[in-house]
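S.K.: The structure's right below; bear with me while I get my questions together.
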Amino acid sequence: MMWSVMRAAGGLVLVMTMMTGVAYPLTVTGVAQAVFPWQAGGSLLERDGVPVGSALIGQAFSQPGYFHGRPSLAGTGYDAASSGASNLAPSSAALMAAIDQRAAALRQENPEAPHDVPVDLVTASASGLDPHISPAAALWQVNRVARARGASPEAVRALVMAHVEGRALGFLGEPVVNVLRLNQALDQIQPQ
């Protein structure tokens with residue numbers, strides 16, 4: 001009797017493993033690749049046929065001629081294998097000190113920008129991988145980027161506005177700018 005129960009239990013484990021561990025993942029992956037091939041492939045953005053990054057994961061841009069994204073606390077910065085936040089409370093002295101330090105560095109790098117730094121340029125997202133900034137954060141950086149590239153601020157501002165993504169479904173979330181897409185488009189602007 002005990003062996004028949006063990007045999008039935010073992011058979012059930014084997015069947016469920018094949019269904020949930022093999023058949024289901026292969027089916028979901030196949031459907032995703034058939035219906036949403038770009039997204040299932042990682043939403044990769046390319047330059048001259050070479051992948052330069054994903055539209056879903058932020059990257060560190062530190063050169064003055066590029067727009068900078070949100071700070072990342074994921075591993076060594078934008079490390080998808082170590083996604084996560086600092087978990088510091090809004091009342092944390094360490095968080096406030098980090099924000100003040102980031103704001104001072106940004107003001108020094110962007111002397112023509114308004115004094116108030118947009119909050120998304122000094123605070124990390126919950127995942128540390130956010131590829132977007134607010135339109136206000138992008139516009140705040142226009143003068144620095146234009147100066148570094150020898151382009152007119154008006155042309156760079158127009159490029160930012162052309163890359164503003166509206167709310168999802170027209171009412172969810174806030175308008176955003178994908179930093180990698182904006183910086184790719186920025187490379188197409190010719191200096192004056």
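Every chain in the structure tokens takes a letter, A first, then B, and so on in the order presented; its residues are numbered from 1, and the ligands are numbered from 1 following the presented order.
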Taking 2 positions as the minimum chain separation for residues in the same chain, which residues sit within 12 Å of A:Asp100 when counting only C-alpha atoms? Answer as a PyMOL selection string.

M.R.: chain A and resi 93-98+102-107+116-117+119+121-123

S.K.: Please dump the current selection as a short mmCIF file (atom, residue, chain, number, x, y, z; two decimals), in the first residue's frame; keep N, CA, C and O atoms.

M.R.:
```
data_model
loop_
_atom_site.label_atom_id
_atom_site.label_comp_id
_atom_site.auth_asym_id
_atom_site.auth_seq_id
_atom_site.Cartn_x
_atom_site.Cartn_y
_atom_site.Cartn_z
N ALA A 93 18.32 61.33 7.98
CA ALA A 93 19.37 62.33 7.82
C ALA A 93 20.32 61.93 6.70
O ALA A 93 20.80 62.78 5.94
N ALA A 94 20.58 60.63 6.54
CA ALA A 94 21.47 60.15 5.48
C ALA A 94 20.86 60.42 4.11
O ALA A 94 21.56 60.82 3.17
N LEU A 95 19.54 60.22 3.97
CA LEU A 95 18.87 60.50 2.70
C LEU A 95 18.93 61.99 2.39
O LEU A 95 19.23 62.38 1.26
N MET A 96 18.64 62.82 3.37
CA MET A 96 18.67 64.27 3.15
C MET A 96 20.08 64.76 2.77
O MET A 96 20.23 65.60 1.90
N ALA A 97 21.09 64.18 3.40
CA ALA A 97 22.47 64.55 3.08
C ALA A 97 22.81 64.14 1.64
O ALA A 97 23.46 64.89 0.90
N ALA A 98 22.39 62.95 1.23
CA ALA A 98 22.64 62.49 -0.14
C ALA A 98 21.93 63.38 -1.15
O ALA A 98 22.50 63.74 -2.19
N ARG A 102 23.76 65.61 -3.99
CA ARG A 102 23.43 65.47 -5.42
C ARG A 102 22.97 66.80 -6.00
O ARG A 102 23.35 67.17 -7.12
N ALA A 103 22.15 67.53 -5.26
CA ALA A 103 21.64 68.82 -5.75
C ALA A 103 22.78 69.82 -5.93
O ALA A 103 22.82 70.55 -6.94
N ALA A 104 23.73 69.85 -5.00
CA ALA A 104 24.87 70.76 -5.12
C ALA A 104 25.70 70.42 -6.36
O ALA A 104 26.12 71.32 -7.10
N ALA A 105 25.93 69.13 -6.59
CA ALA A 105 26.71 68.72 -7.76
C ALA A 105 25.98 69.09 -9.05
O ALA A 105 26.61 69.55 -10.01
N LEU A 106 24.68 68.91 -9.07
CA LEU A 106 23.90 69.26 -10.26
C LEU A 106 23.90 70.76 -10.51
O LEU A 106 24.00 71.21 -11.65
N ARG A 107 23.78 71.56 -9.45
CA ARG A 107 23.80 73.02 -9.62
C ARG A 107 25.15 73.48 -10.16
O ARG A 107 25.21 74.39 -10.98
N ASP A 116 16.13 75.55 -8.15
CA ASP A 116 15.44 74.35 -7.67
C ASP A 116 15.65 73.18 -8.63
O ASP A 116 15.22 73.22 -9.78
N VAL A 117 16.31 72.14 -8.12
CA VAL A 117 16.58 70.95 -8.92
C VAL A 117 15.35 70.05 -8.88
O VAL A 117 14.82 69.78 -7.81
N VAL A 119 13.04 67.00 -8.39
CA VAL A 119 13.22 65.95 -7.39
C VAL A 119 13.69 64.64 -7.99
O VAL A 119 14.46 63.90 -7.37
N LEU A 121 15.85 64.14 -10.22
CA LEU A 121 17.29 64.14 -10.49
C LEU A 121 18.12 63.92 -9.24
O LEU A 121 19.33 63.69 -9.33
N VAL A 122 17.50 63.99 -8.06
CA VAL A 122 18.26 63.81 -6.81
C VAL A 122 17.78 62.63 -5.98
O VAL A 122 18.38 62.31 -4.96
N THR A 123 16.71 61.96 -6.41
CA THR A 123 16.21 60.79 -5.68
C THR A 123 16.18 59.58 -6.61
O THR A 123 15.82 59.70 -7.78
#
```

S.K.: Name all residues at most 12 Å from stretch 42-49 of chain A (count only C-alpha atoms; drop same-chain ones fewer than 2 positions away) and give them as number ranges by chain.

M.R.: A: 32-33, 36-40, 51-58, 131, 178-185, 187-188

S.K.: Just asking: which residues within chain A are strand (DSSP E or B) according to DSSP, as a ChimeraX atom specification?

M.R.: /A:44-47,50-54,132-133,164-165,168,172,176-178

S.K.: Quick one, how far is atom CA of A:Glu154 from atom CA of A:Ile133?

M.R.: 19.5 Å

S.K.: Mind giving me the straight-line distance from atom CA of A:Tyr66 to atom CA of A:Asp120 in Å, one decimal?

M.R.: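 Straight-line distance from atom CA of A:Tyr66 to atom CA of A:Asp120 works out to 16.5 Å.
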
S.K.: Quick one: distance from atom CA of A:Met6 to atom CA of A:Val22 in Å, one decimal?

M.R.: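 About the pair atom CA of A:Met6 and atom CA of A:Val22: they are 22.9 Å apart.
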
S.K.: Between A:Asn110, A:Gln63, A:Ser92, A:Asn87, which residue has the minimum interatomic distance to A:Leu139, considering only C-alpha atoms?

M.R.: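 Going through A:Asn110, A:Gln63, A:Ser92, A:Asn87 one by one, the smallest distance to A:Leu139 is for A:Asn110.
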
S.K.: With distances taken over only C-alpha atoms, which residue among A:Leu14, A:Leu172, A:Gly128, A:Ser62 lies nearest A:Ser83?

M.R.: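 Checking each of A:Leu14, A:Leu172, A:Gly128, A:Ser62 against A:Ser83, counting only C-alpha atoms, the winner is A:Gly128.
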
S.K.: If you run DSSP on the backbone, which residues of stretch 32-178 of chain A are alpha helix (DSSP H), as a PyMOL selection string?

M.R.: chain A and resi 32-35+37-40+93-109+135-140+142-149+153-162

S.K.: If you keep C-alpha atoms, can you produce a file of those selected residues as a CSV table (one decimal), in the first residue's frame?

M.R.:
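Result went into again33.csv, see below:
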```csv
chain,number,residue,atom,x,y,z
A,32,ALA,CA,5.1,36.4,-25.8
A,33,GLN,CA,7.6,36.2,-28.6
A,34,ALA,CA,4.9,35.8,-31.2
A,35,VAL,CA,2.6,38.6,-30.0
A,37,PRO,CA,8.5,40.2,-30.1
A,38,TRP,CA,10.3,43.5,-29.3
A,39,GLN,CA,9.2,43.5,-25.6
A,40,ALA,CA,10.0,39.8,-25.2
A,93,ALA,CA,19.4,62.3,7.8
A,94,ALA,CA,21.5,60.1,5.5
A,95,LEU,CA,18.9,60.5,2.7
A,96,MET,CA,18.7,64.3,3.1
A,97,ALA,CA,22.5,64.5,3.1
A,98,ALA,CA,22.6,62.5,-0.1
A,99,ILE,CA,19.9,64.6,-1.7
A,100,ASP,CA,21.7,67.9,-0.7
A,101,GLN,CA,25.0,66.5,-2.1
A,102,ARG,CA,23.4,65.5,-5.4
A,103,ALA,CA,21.6,68.8,-5.7
A,104,ALA,CA,24.9,70.8,-5.1
A,105,ALA,CA,26.7,68.7,-7.8
A,106,LEU,CA,23.9,69.3,-10.3
A,107,ARG,CA,23.8,73.0,-9.6
A,108,GLN,CA,27.5,73.2,-10.2
A,109,GLU,CA,27.3,71.2,-13.4
A,135,PRO,CA,9.9,66.5,-18.7
A,136,ALA,CA,10.8,69.2,-16.1
A,137,ALA,CA,14.1,67.3,-15.2
A,138,ALA,CA,15.0,67.0,-18.9
A,139,LEU,CA,14.2,70.7,-19.6
A,140,TRP,CA,16.3,71.7,-16.5
A,142,VAL,CA,18.9,71.8,-21.7
A,143,ASN,CA,21.4,74.6,-21.4
A,144,ARG,CA,24.2,72.4,-20.2
A,145,VAL,CA,23.6,69.8,-23.0
A,146,ALA,CA,23.3,72.5,-25.7
A,147,ARG,CA,26.5,74.3,-24.6
A,148,ALA,CA,28.4,71.0,-24.5
A,149,ARG,CA,27.2,70.0,-27.9
A,153,PRO,CA,19.1,75.6,-26.6
A,154,GLU,CA,15.9,75.9,-28.7
A,155,ALA,CA,16.8,72.9,-30.8
A,156,VAL,CA,17.6,70.8,-27.7
A,157,ARG,CA,14.4,71.9,-26.0
A,158,ALA,CA,12.4,71.0,-29.1
A,159,LEU,CA,14.0,67.6,-29.0
A,160,VAL,CA,13.1,67.1,-25.4
A,161,MET,CA,9.5,68.0,-26.1
A,162,ALA,CA,9.4,65.6,-29.1
```
